[in-house]
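Chemist: Compact mmCIF, C-alpha atoms and all ligand atoms, saved as run-v8.txt, coming up:
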# COMPACT_ATOMS: atom_id res chain seq x y z
CA ARG A 6 85.20 122.00 88.66
CA LYS A 7 82.10 121.19 90.69
CA LYS A 8 82.39 118.51 93.36
CA ILE A 9 82.06 115.02 91.83
CA THR A 10 79.39 113.06 93.69
CA ILE A 11 77.84 109.64 93.28
CA HIS A 12 75.11 111.38 91.22
CA THR A 13 77.73 112.77 88.83
CA LEU A 14 79.14 109.27 88.36
CA ASN A 15 75.71 107.68 87.88
CA GLN A 16 74.86 110.33 85.28
CA MET A 17 78.14 109.74 83.44
CA LYS A 18 77.36 106.03 83.35
CA GLU A 19 73.86 106.74 82.00
CA LYS A 20 75.24 109.00 79.26
CA GLY A 21 78.00 106.54 78.38
CA GLU A 22 80.64 109.11 79.30
CA PRO A 23 83.75 107.18 80.46
CA ILE A 24 84.79 107.71 84.07
CA THR A 25 88.52 108.10 84.80
CA MET A 26 90.00 106.77 88.03
CA LEU A 27 93.58 106.64 89.29
CA THR A 28 95.28 105.93 92.58
CA ALA A 29 97.06 108.74 94.46
CA TYR A 30 98.88 108.58 97.75
CA ASP A 31 100.07 112.11 98.43
CA TYR A 32 99.34 115.80 98.01
CA PRO A 33 101.45 116.67 94.93
CA VAL A 34 100.07 113.84 92.80
CA ALA A 35 96.53 114.58 93.99
CA LEU A 36 96.92 118.20 92.80
CA LEU A 37 98.04 116.98 89.36
CA GLU A 38 95.24 114.42 89.03
CA GLU A 39 92.63 117.00 90.01
CA LYS A 40 94.11 119.36 87.40
CA ALA A 41 94.02 116.62 84.74
CA GLY A 42 90.30 116.10 85.42
CA VAL A 43 90.40 112.64 86.97
CA GLU A 44 86.94 112.02 88.44
CA ILE A 45 87.68 109.29 91.01
CA ILE A 46 90.85 109.08 93.10
CA LEU A 47 91.60 105.92 95.05
CA VAL A 48 93.90 106.09 98.03
CA GLY A 49 94.69 102.39 97.72
CA ASP A 50 96.40 100.14 100.22
CA SER A 51 98.66 99.46 97.22
CA LEU A 52 100.61 102.29 98.88
CA GLY A 53 102.19 99.50 100.93
CA MET A 54 104.04 98.61 97.74
CA THR A 55 104.22 101.90 95.83
CA VAL A 56 105.14 104.17 98.75
CA TYR A 57 106.45 101.96 101.57
CA GLY A 58 108.33 99.29 99.59
CA MET A 59 106.44 96.38 101.14
CA ASP A 60 105.91 93.06 99.31
CA GLY A 61 102.13 93.26 99.54
CA THR A 62 99.27 95.13 101.18
CA LEU A 63 98.84 93.12 104.40
CA PRO A 64 101.07 95.23 106.70
CA VAL A 65 99.23 98.48 105.81
CA THR A 66 97.37 99.98 108.78
CA LEU A 67 94.25 102.13 109.05
CA ASP A 68 96.31 105.02 110.45
CA MET A 69 98.61 104.93 107.41
CA MET A 70 95.58 104.98 105.10
CA ILE A 71 93.97 107.86 106.99
CA ASN A 72 97.15 109.95 106.86
CA HIS A 73 97.55 109.48 103.11
CA ALA A 74 93.84 109.98 102.33
CA THR A 75 93.87 113.23 104.32
CA ALA A 76 96.80 114.52 102.24
CA VAL A 77 95.18 113.45 98.97
CA ARG A 78 91.92 115.20 99.87
CA LYS A 79 93.86 118.45 100.41
CA GLY A 80 95.19 118.23 96.84
CA ALA A 81 91.94 117.04 95.26
CA PRO A 82 88.99 118.86 96.82
CA THR A 83 86.49 118.09 94.02
CA ALA A 84 87.46 114.51 93.09
CA PHE A 85 85.33 111.59 94.26
CA LEU A 86 87.69 110.20 96.88
CA VAL A 87 87.83 106.50 97.71
CA GLY A 88 89.40 105.41 101.00
CA ASP A 89 90.63 101.83 100.77
CA MET A 90 90.05 99.68 103.88
CA PRO A 91 93.23 97.79 104.78
CA TYR A 92 93.61 94.16 105.78
CA MET A 93 91.61 93.02 108.84
CA THR A 94 89.89 96.35 109.42
CA TYR A 95 86.54 95.05 108.09
CA GLN A 96 86.77 91.24 107.95
CA ILE A 97 86.47 90.48 111.68
CA SER A 98 82.97 91.78 112.43
CA LYS A 99 80.35 94.23 111.21
CA GLU A 100 80.99 96.37 114.29
CA GLU A 101 84.70 96.69 113.55
CA ALA A 102 83.97 97.36 109.89
CA ILE A 103 81.59 100.20 110.77
CA ARG A 104 83.91 101.67 113.40
CA ASN A 105 86.96 101.61 111.12
CA ALA A 106 85.17 102.76 107.97
CA GLY A 107 83.52 105.47 110.06
CA ARG A 108 86.97 106.74 111.03
CA MET A 109 88.05 106.71 107.38
CA MET A 110 84.99 108.75 106.36
CA ALA A 111 85.08 111.22 109.25
CA GLU A 112 88.85 111.80 109.51
CA THR A 113 89.73 112.03 105.80
CA ASN A 114 86.56 113.52 104.30
CA CYS A 115 86.55 110.81 101.61
CA ASP A 116 83.35 110.07 99.67
CA ILE A 117 83.27 106.29 99.94
CA VAL A 118 85.26 103.39 101.36
CA LYS A 119 86.38 100.36 99.35
CA LEU A 120 86.67 96.79 100.56
CA GLU A 121 87.55 93.48 98.92
CA GLY A 122 85.33 90.43 98.66
CA GLY A 123 82.05 89.11 97.25
CA VAL A 124 79.11 87.15 98.65
CA GLU A 125 80.93 86.62 101.96
CA MET A 126 81.10 90.40 102.54
CA ALA A 127 77.47 91.15 101.62
CA GLU A 128 76.12 91.23 105.18
CA THR A 129 78.93 93.49 106.35
CA VAL A 130 78.35 95.82 103.40
CA ALA A 131 74.63 96.02 104.21
CA ALA A 132 75.42 96.90 107.84
CA MET A 133 77.89 99.59 106.78
CA VAL A 134 75.43 101.13 104.32
CA LYS A 135 72.75 101.10 107.04
CA ALA A 136 75.22 103.00 109.22
CA THR A 137 75.48 105.73 106.49
CA ILE A 138 78.79 104.57 105.02
CA PRO A 139 78.89 104.39 101.19
CA VAL A 140 80.80 101.33 99.97
CA MET A 141 82.67 100.46 96.77
CA GLY A 142 83.13 96.72 96.17
CA HIS A 143 86.26 95.08 94.74
CA ILE A 144 86.23 91.61 93.15
CA GLY A 145 88.40 89.56 90.80
CA LEU A 146 92.04 89.81 91.78
CA THR A 147 91.86 90.92 95.41
CA PRO A 148 95.39 91.59 96.72
CA GLN A 149 94.45 91.05 100.38
CA SER A 150 93.70 87.40 99.62
CA THR A 151 96.73 86.57 97.44
CA ALA A 152 97.85 84.04 100.05
CA GLN A 153 94.66 82.08 99.30
CA MET A 154 94.74 82.77 95.56
CA GLY A 155 98.37 81.70 95.28
CA GLY A 156 99.73 85.05 94.18
CA PHE A 157 98.81 88.04 92.00
CA LYS A 158 96.96 86.17 89.24
CA ALA A 159 94.15 86.91 86.81
CA GLN A 160 90.79 85.58 88.02
CA GLY A 161 87.61 84.24 86.41
CA ARG A 162 89.30 82.50 83.51
CA THR A 163 87.00 79.48 83.63
CA ALA A 164 83.22 79.68 83.16
CA GLU A 165 82.74 78.26 86.65
CA GLU A 166 84.93 80.93 88.27
CA ALA A 167 83.28 83.61 86.13
CA VAL A 168 79.78 82.60 87.26
CA LYS A 169 80.95 82.88 90.88
CA LEU A 170 82.21 86.43 90.18
CA ILE A 171 78.87 87.42 88.65
CA GLU A 172 77.12 86.08 91.77
CA ASP A 173 79.54 88.09 93.94
CA ALA A 174 78.78 91.26 91.96
CA LYS A 175 75.02 90.78 92.27
CA ALA A 176 75.21 90.04 96.01
CA LEU A 177 77.26 93.20 96.59
CA GLU A 178 74.85 95.34 94.59
CA ALA A 179 71.92 93.89 96.51
CA ALA A 180 73.78 94.68 99.75
CA GLY A 181 73.98 98.33 98.71
CA ILE A 182 77.39 99.10 97.17
CA SER A 183 77.45 102.27 95.04
CA LEU A 184 80.38 101.33 92.78
CA LEU A 185 82.16 98.09 91.90
CA LEU A 186 85.78 97.60 90.94
CA VAL A 187 86.56 94.49 88.89
CA GLU A 188 90.27 93.64 88.72
CA ALA A 189 92.16 91.36 86.33
CA VAL A 190 89.42 89.24 84.78
CA PRO A 191 88.94 88.55 81.05
CA PRO A 192 86.80 91.13 79.18
CA ALA A 193 84.00 88.59 78.55
CA VAL A 194 83.53 88.28 82.32
CA LEU A 195 83.52 92.06 82.81
CA THR A 196 80.82 92.35 80.12
CA GLU A 197 78.56 89.92 81.98
CA ILE A 198 79.11 91.74 85.29
CA THR A 199 78.42 95.15 83.71
CA LYS A 200 75.23 93.77 82.13
CA ALA A 201 74.07 92.25 85.42
CA LEU A 202 74.42 95.48 87.48
CA SER A 203 72.86 98.93 87.36
CA ILE A 204 75.59 100.72 89.37
CA PRO A 205 78.79 101.96 87.65
CA VAL A 206 81.42 99.24 87.26
CA ILE A 207 85.09 100.23 87.06
CA SER A 208 87.63 98.07 85.24
CA LEU A 209 91.20 97.51 86.39
CA GLY A 210 92.86 95.32 83.81
CA ALA A 211 89.55 93.81 82.75
CA GLY A 212 88.95 95.47 79.39
CA ALA A 213 86.78 98.29 78.11
CA ASP A 214 83.22 97.19 78.87
CA ALA A 215 82.71 99.20 82.05
CA ALA A 216 81.60 102.68 83.12
CA GLY A 217 85.20 103.61 83.93
CA GLN A 218 88.86 102.67 84.01
CA LEU A 219 91.35 102.51 86.90
CA LEU A 220 95.13 102.16 86.85
CA ILE A 221 97.83 102.61 89.48
CA VAL A 222 99.43 106.01 89.01
CA HIS A 223 102.98 104.77 89.70
CA ASP A 224 102.51 102.22 86.91
CA ILE A 225 101.17 104.57 84.22
CA LEU A 226 103.82 107.18 84.94
CA GLY A 227 106.63 104.62 84.86
CA PHE A 228 107.88 105.46 88.34
CA PHE A 229 109.68 102.14 88.77
CA ASP A 230 111.92 100.36 86.28
CA ARG A 231 110.57 96.96 87.26
CA PHE A 232 107.76 94.58 86.28
CA VAL A 233 104.31 95.99 85.65
CA PRO A 234 101.19 93.84 85.06
CA LYS A 235 100.13 93.06 81.47
CA PHE A 236 97.20 95.52 81.66
CA VAL A 237 99.34 98.58 82.41
CA LYS A 238 99.86 101.13 79.67
CA LYS A 239 102.72 103.54 80.37
CA TYR A 240 101.99 107.21 79.65
CA ALA A 241 105.25 108.65 80.96
CA ASN A 242 108.69 107.49 82.01
CA LEU A 243 109.19 109.19 85.36
CA ASN A 244 111.90 106.71 86.27
CA GLU A 245 114.15 108.06 83.50
CA THR A 246 113.20 111.68 84.10
CA ILE A 247 113.83 111.52 87.85
CA HIS A 248 116.97 109.42 87.51
CA SER A 249 118.45 111.87 85.04
CA GLY A 250 117.62 114.86 87.28
CA LEU A 251 119.10 113.19 90.35
CA SER A 252 122.29 112.11 88.56
CA ASP A 253 122.80 115.60 87.12
CA TYR A 254 122.48 117.08 90.61
CA VAL A 255 124.97 114.60 92.07
CA ASN A 256 127.43 115.26 89.22
CA GLU A 257 127.20 119.01 89.44
CA VAL A 258 127.80 119.06 93.19
CA LYS A 259 130.73 116.62 92.86
CA THR A 260 132.33 118.69 90.07
CA GLY A 261 131.66 122.05 91.74
CA LYS A 262 129.37 123.28 88.93
CA PHE A 263 126.50 123.77 91.39
CA PRO A 264 125.79 126.19 93.01
CA GLU A 265 126.42 128.90 90.39
CA GLU A 266 126.36 132.49 91.66
CA LYS A 267 122.80 133.09 90.44
CA TYR A 268 121.57 130.57 93.01
CA THR A 269 122.94 132.62 95.93
CA TYR A 270 121.89 135.82 97.77
CA GLY A 271 123.71 139.12 97.18
CA MET A 272 125.48 141.19 99.83
CA LYS A 273 126.85 144.76 99.44
CA GLU A 274 130.66 145.04 99.00
CA GLU A 275 130.99 147.24 102.10
CA GLU A 276 129.11 144.72 104.21
CA VAL A 277 131.34 141.91 102.97
CA LYS A 278 134.38 144.06 103.84
CA LYS A 279 133.10 144.79 107.35
CA LEU A 280 132.41 141.13 107.82
CA LYS A 281 135.96 140.18 106.84
CA ASP A 282 137.55 142.76 109.17
O1 LIG B 1 95.03 99.41 96.59
C1 LIG B 1 94.74 99.65 95.41
O2 LIG B 1 95.35 100.47 94.71
C2 LIG B 1 93.65 98.90 94.84
C3 LIG B 1 93.63 98.76 93.38
C4 LIG B 1 94.66 97.79 92.96
C5 LIG B 1 92.29 98.35 92.94
O3 LIG B 1 92.85 98.37 95.57
NA NA B 2 93.59 97.93 97.61
For the file at hand, write its structure as structure tokens.

Modeler:
Amino acid sequence: RKKITIHTLNQMKEKGEPITMLTAYDYPVALLEEKAGVEIILVGDSLGMTVYGMDGTLPVTLDMMINHATAVRKGAPTAFLVGDMPYMTYQISKEEAIRNAGRMMAETNCDIVKLEGGVEMAETVAAMVKATIPVMGHIGLTPQSTAQMGGFKAQGRTAEEAVKLIEDAKALEAAGISLLLVEAVPPAVLTEITKALSIPVISLGAGADAAGQLLIVHDILGFFDRFVPKFVKKYANLNETIHSGLSDYVNEVKTGKFPEEKYTYGMKEEEVKKLKD
């Protein structure tokens, strides 16, 4: 496959060809997503939860993100790679945002960085874009501000809140974002945002009316046997598959079934004899 660029994505949007996007956090999953033809891969700070077992995304550091994004790029050389900016790496000042996003771009070879926020981030976004850093916006449910939102909750469910989200989307586009992620808002709100913008909009749990769809890979593959958000459709049950493989291994070692002879290296009789003498 040819390298996916922002032009590829803009053309897909123009042609009405749906864009697929998934998260990935490591090399093996990146290889599989590239093979499946996923166009955009997000190395999300959701790795705090999916990979590190944290309660949220706030403890995730830039170094963690850079390490994971570097591994994902190795497995997915042609995907459009999004490096997610973790908590407090872009909120403090434009200078810090540019310095930290610059590291993400230069050290991981990603194609764009993503940050959360609307109108209040517009000036920072404009400064980053001026400094050559492509930016993807993220509005709606923004996990880095769950303390202010009162938890992981759908957003924009009143007309007043929805109007604010549309203003956020427009301000971000005017500031120069190349892509916008809209998370956990009702489909009617997504439709208005998509209509208001000319850049590709990606939906995460916000319905179909967007240029593309994003889901968390651990959710769609059923990696955990715990709660998943309403918008997650499960396409595999890795939890069962992996659990069954692991239990079989444990049982076979405990009962002496493994390792059978075919899983060992041969040695000539005479050598064995010499060894024993
Ligand atoms: O970190 C992440 O995976 C994300 C998605 C939830 C949009 O930002
Ligand atoms: Na994120």

Chemist: To check your reading of the model: which residues sit at most 7 Å from ligand LIG 1 (chain B) when counting all atoms listed in the file? Write the answer as a list in words.

Modeler: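 Using all atoms listed in the file, everything at most 7 Å from ligand LIG 1 (chain B) comes to Thr28, Leu47, Val48, Gly49, Asp50, Ser51, Leu52, Asp89, Leu186, Glu188, Leu209 and Ile221 of chain A.
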
Chemist: Report as a tab-separated table: every residue of chain A with an atom at most 12 Å from ligand NA 2 (chain B), its closest pair of atoms, and their distance in Å to one decimal, counting only C-alpha atoms and all ligand atoms, with rows sorted by chain and ascending residue number.

Modeler:
residue	atom	partner	partner_atom	distance
A:Thr28	CA	B:NA2	NA	9.6
A:Ala29	CA	B:NA2	NA	11.8
A:Tyr30	CA	B:NA2	NA	11.9
A:Leu47	CA	B:NA2	NA	8.6
A:Val48	CA	B:NA2	NA	8.2
A:Gly49	CA	B:NA2	NA	4.6
A:Asp50	CA	B:NA2	NA	4.4
A:Ser51	CA	B:NA2	NA	5.3
A:Leu52	CA	B:NA2	NA	8.4
A:Gly53	CA	B:NA2	NA	9.4
A:Met54	CA	B:NA2	NA	10.5
A:Thr55	CA	B:NA2	NA	11.5
A:Gly61	CA	B:NA2	NA	9.9
A:Thr62	CA	B:NA2	NA	7.3
A:Leu63	CA	B:NA2	NA	9.8
A:Val65	CA	B:NA2	NA	10.0
A:Thr66	CA	B:NA2	NA	12.0
A:Met70	CA	B:NA2	NA	10.5
A:Val87	CA	B:NA2	NA	10.3
A:Gly88	CA	B:NA2	NA	9.2
A:Asp89	CA	B:NA2	NA	5.8
A:Met90	CA	B:NA2	NA	7.4
A:Pro91	CA	B:NA2	NA	7.2
A:Tyr92	CA	B:NA2	NA	9.0
A:Val118	CA	B:NA2	NA	10.6
A:Lys119	CA	B:NA2	NA	7.8
A:Leu120	CA	B:NA2	NA	7.6
A:Glu121	CA	B:NA2	NA	7.6
A:Gly122	CA	B:NA2	NA	11.2
A:Met141	CA	B:NA2	NA	11.2
A:Gly142	CA	B:NA2	NA	10.6
A:His143	CA	B:NA2	NA	8.4
A:Ile144	CA	B:NA2	NA	10.7
A:Gly145	CA	B:NA2	NA	12.0
A:Leu146	CA	B:NA2	NA	10.1
A:Thr147	CA	B:NA2	NA	7.5
A:Pro148	CA	B:NA2	NA	6.7
A:Gln149	CA	B:NA2	NA	7.5
A:Ser150	CA	B:NA2	NA	10.7
A:Thr151	CA	B:NA2	NA	11.8
A:Leu186	CA	B:NA2	NA	10.3
A:Val187	CA	B:NA2	NA	11.7
A:Glu188	CA	B:NA2	NA	10.4
A:Leu209	CA	B:NA2	NA	11.5
A:Leu219	CA	B:NA2	NA	11.9
A:Leu220	CA	B:NA2	NA	11.7
A:Ile221	CA	B:NA2	NA	10.3

Chemist: Would you output that residue set with C-alpha atoms, as a PDB file, in the coordinates of the input?

Modeler:
ATOM      1  CA  THR A  28      95.280 105.930  92.580  1.00  0.00           C
ATOM      2  CA  ALA A  29      97.060 108.740  94.460  1.00  0.00           C
ATOM      3  CA  TYR A  30      98.880 108.580  97.750  1.00  0.00           C
ATOM      4  CA  LEU A  47      91.600 105.920  95.050  1.00  0.00           C
ATOM      5  CA  VAL A  48      93.900 106.090  98.030  1.00  0.00           C
ATOM      6  CA  GLY A  49      94.690 102.390  97.720  1.00  0.00           C
ATOM      7  CA  ASP A  50      96.400 100.140 100.220  1.00  0.00           C
ATOM      8  CA  SER A  51      98.660  99.460  97.220  1.00  0.00           C
ATOM      9  CA  LEU A  52     100.610 102.290  98.880  1.00  0.00           C
ATOM     10  CA  GLY A  53     102.190  99.500 100.930  1.00  0.00           C
ATOM     11  CA  MET A  54     104.040  98.610  97.740  1.00  0.00           C
ATOM     12  CA  THR A  55     104.220 101.900  95.830  1.00  0.00           C
ATOM     13  CA  GLY A  61     102.130  93.260  99.540  1.00  0.00           C
ATOM     14  CA  THR A  62      99.270  95.130 101.180  1.00  0.00           C
ATOM     15  CA  LEU A  63      98.840  93.120 104.400  1.00  0.00           C
ATOM     16  CA  VAL A  65      99.230  98.480 105.810  1.00  0.00           C
ATOM     17  CA  THR A  66      97.370  99.980 108.780  1.00  0.00           C
ATOM     18  CA  MET A  70      95.580 104.980 105.100  1.00  0.00           C
ATOM     19  CA  VAL A  87      87.830 106.500  97.710  1.00  0.00           C
ATOM     20  CA  GLY A  88      89.400 105.410 101.000  1.00  0.00           C
ATOM     21  CA  ASP A  89      90.630 101.830 100.770  1.00  0.00           C
ATOM     22  CA  MET A  90      90.050  99.680 103.880  1.00  0.00           C
ATOM     23  CA  PRO A  91      93.230  97.790 104.780  1.00  0.00           C
ATOM     24  CA  TYR A  92      93.610  94.160 105.780  1.00  0.00           C
ATOM     25  CA  VAL A 118      85.260 103.390 101.360  1.00  0.00           C
ATOM     26  CA  LYS A 119      86.380 100.360  99.350  1.00  0.00           C
ATOM     27  CA  LEU A 120      86.670  96.790 100.560  1.00  0.00           C
ATOM     28  CA  GLU A 121      87.550  93.480  98.920  1.00  0.00           C
ATOM     29  CA  GLY A 122      85.330  90.430  98.660  1.00  0.00           C
ATOM     30  CA  MET A 141      82.670 100.460  96.770  1.00  0.00           C
ATOM     31  CA  GLY A 142      83.130  96.720  96.170  1.00  0.00           C
ATOM     32  CA  HIS A 143      86.260  95.080  94.740  1.00  0.00           C
ATOM     33  CA  ILE A 144      86.230  91.610  93.150  1.00  0.00           C
ATOM     34  CA  GLY A 145      88.400  89.560  90.800  1.00  0.00           C
ATOM     35  CA  LEU A 146      92.040  89.810  91.780  1.00  0.00           C
ATOM     36  CA  THR A 147      91.860  90.920  95.410  1.00  0.00           C
ATOM     37  CA  PRO A 148      95.390  91.590  96.720  1.00  0.00           C
ATOM     38  CA  GLN A 149      94.450  91.050 100.380  1.00  0.00           C
ATOM     39  CA  SER A 150      93.700  87.400  99.620  1.00  0.00           C
ATOM     40  CA  THR A 151      96.730  86.570  97.440  1.00  0.00           C
ATOM     41  CA  LEU A 186      85.780  97.600  90.940  1.00  0.00           C
ATOM     42  CA  VAL A 187      86.560  94.490  88.890  1.00  0.00           C
ATOM     43  CA  GLU A 188      90.270  93.640  88.720  1.00  0.00           C
ATOM     44  CA  LEU A 209      91.200  97.510  86.390  1.00  0.00           C
ATOM     45  CA  LEU A 219      91.350 102.510  86.900  1.00  0.00           C
ATOM     46  CA  LEU A 220      95.130 102.160  86.850  1.00  0.00           C
ATOM     47  CA  ILE A 221      97.830 102.610  89.480  1.00  0.00           C
TER      48      ILE A 221
END

Chemist: Taking (72.9, 83.0, 98.6) in the file's coordinates as the center, which residues reach within 10 Å of it, counting all atoms listed in the file, put as a list of chain:residue names?

Modeler: A:Val124, A:Glu125, A:Ala127, A:Glu172, A:Asp173, A:Ala176

Chemist: Under the rule that all atoms listed in the file are counted, which of A:Lys175, A:Glu265, A:Leu67, A:Glu166 is the nearest residue to A:Lys200?

Modeler: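 Checking each candidate against A:Lys200, we get A:Lys175 as the closest.
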
Chemist: Of the candidates A:Ala111, A:Ile198, A:Ile138, A:Val130, which one gets nearest to A:Ala167 if we count all atoms listed in the file?

Modeler: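 Ranked by minimum distance to A:Ala167, first place goes to A:Ile198.
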
Chemist: So how many Å separate atom CA of A:Asn15 and atom CA of A:Pro205, to one decimal?

Modeler: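 Taking atom CA of A:Asn15 and atom CA of A:Pro205, their separation equals 6.5 Å.
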
Chemist: Would you pick out the contacts of A:Asn72 at 10 Å or less, using only C-alpha atoms, so that residues sharing its chain but fewer than 3 positions from it are not included, and give the list as a list in words?

Modeler: Tyr30, Asp31, Leu67, Asp68, Met69, Thr75, Ala76, Val77, Met109, Glu112 and Thr113 of chain A

Chemist: Let me have the centre and edge lengths of the axis-aligned box enclosing all listed atoms of stretch 181-189 of chain A with 5 Å padding on every side, in Å to one decimal, as lines of an AutoDock Vina configuration file.

Modeler:
center_x = 83.1
center_y = 96.8
center_z = 92.5
size_x = 28.2
size_y = 20.9
size_z = 22.4

Chemist: Could you tell me how far atom CA of A:Leu36 sits from atom CA of A:Lys79, in Å to one decimal place?

Modeler: 8.2 Å

Chemist: What is the atom CA of A:Lys40 to atom CA of A:Leu251 distance in Å?

Modeler: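 Pair atom CA of A:Lys40 / atom CA of A:Leu251 returns 25.9 Å.
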
Chemist: Looking at A:Leu177, A:Val43, A:Ala216, A:Ile71, which one is nearest to A:Ala131, with distances taken over only C-alpha atoms?

Modeler: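 Smallest distance to A:Ala131 is found for A:Leu177.
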
Chemist: Can you find the residues with an atom no farther than 10 Å from (90.2, 90.1, 84.4), counting all atoms listed in the file, and report them as a list of chain:residue names?

Modeler: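 Those residues lying close to the given coordinates are A:Ile144, A:Gly145, A:Leu146, A:Lys158, A:Ala159, A:Gln160, A:Gly161, A:Arg162, A:Ala167, A:Val187, A:Glu188, A:Ala189, A:Val190, A:Pro191, A:Pro192, A:Ala193, A:Val194, A:Leu195, A:Ser208, A:Leu209, A:Gly210, A:Ala211, A:Gly212, A:Phe236.
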
Chemist: Using only C-alpha atoms, can you tell me which of A:Thr25, A:Asn242, A:Thr83, A:Thr137 comes closest to A:Lys8?

Modeler: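 Closest to A:Lys8 of all the choices is A:Thr83.
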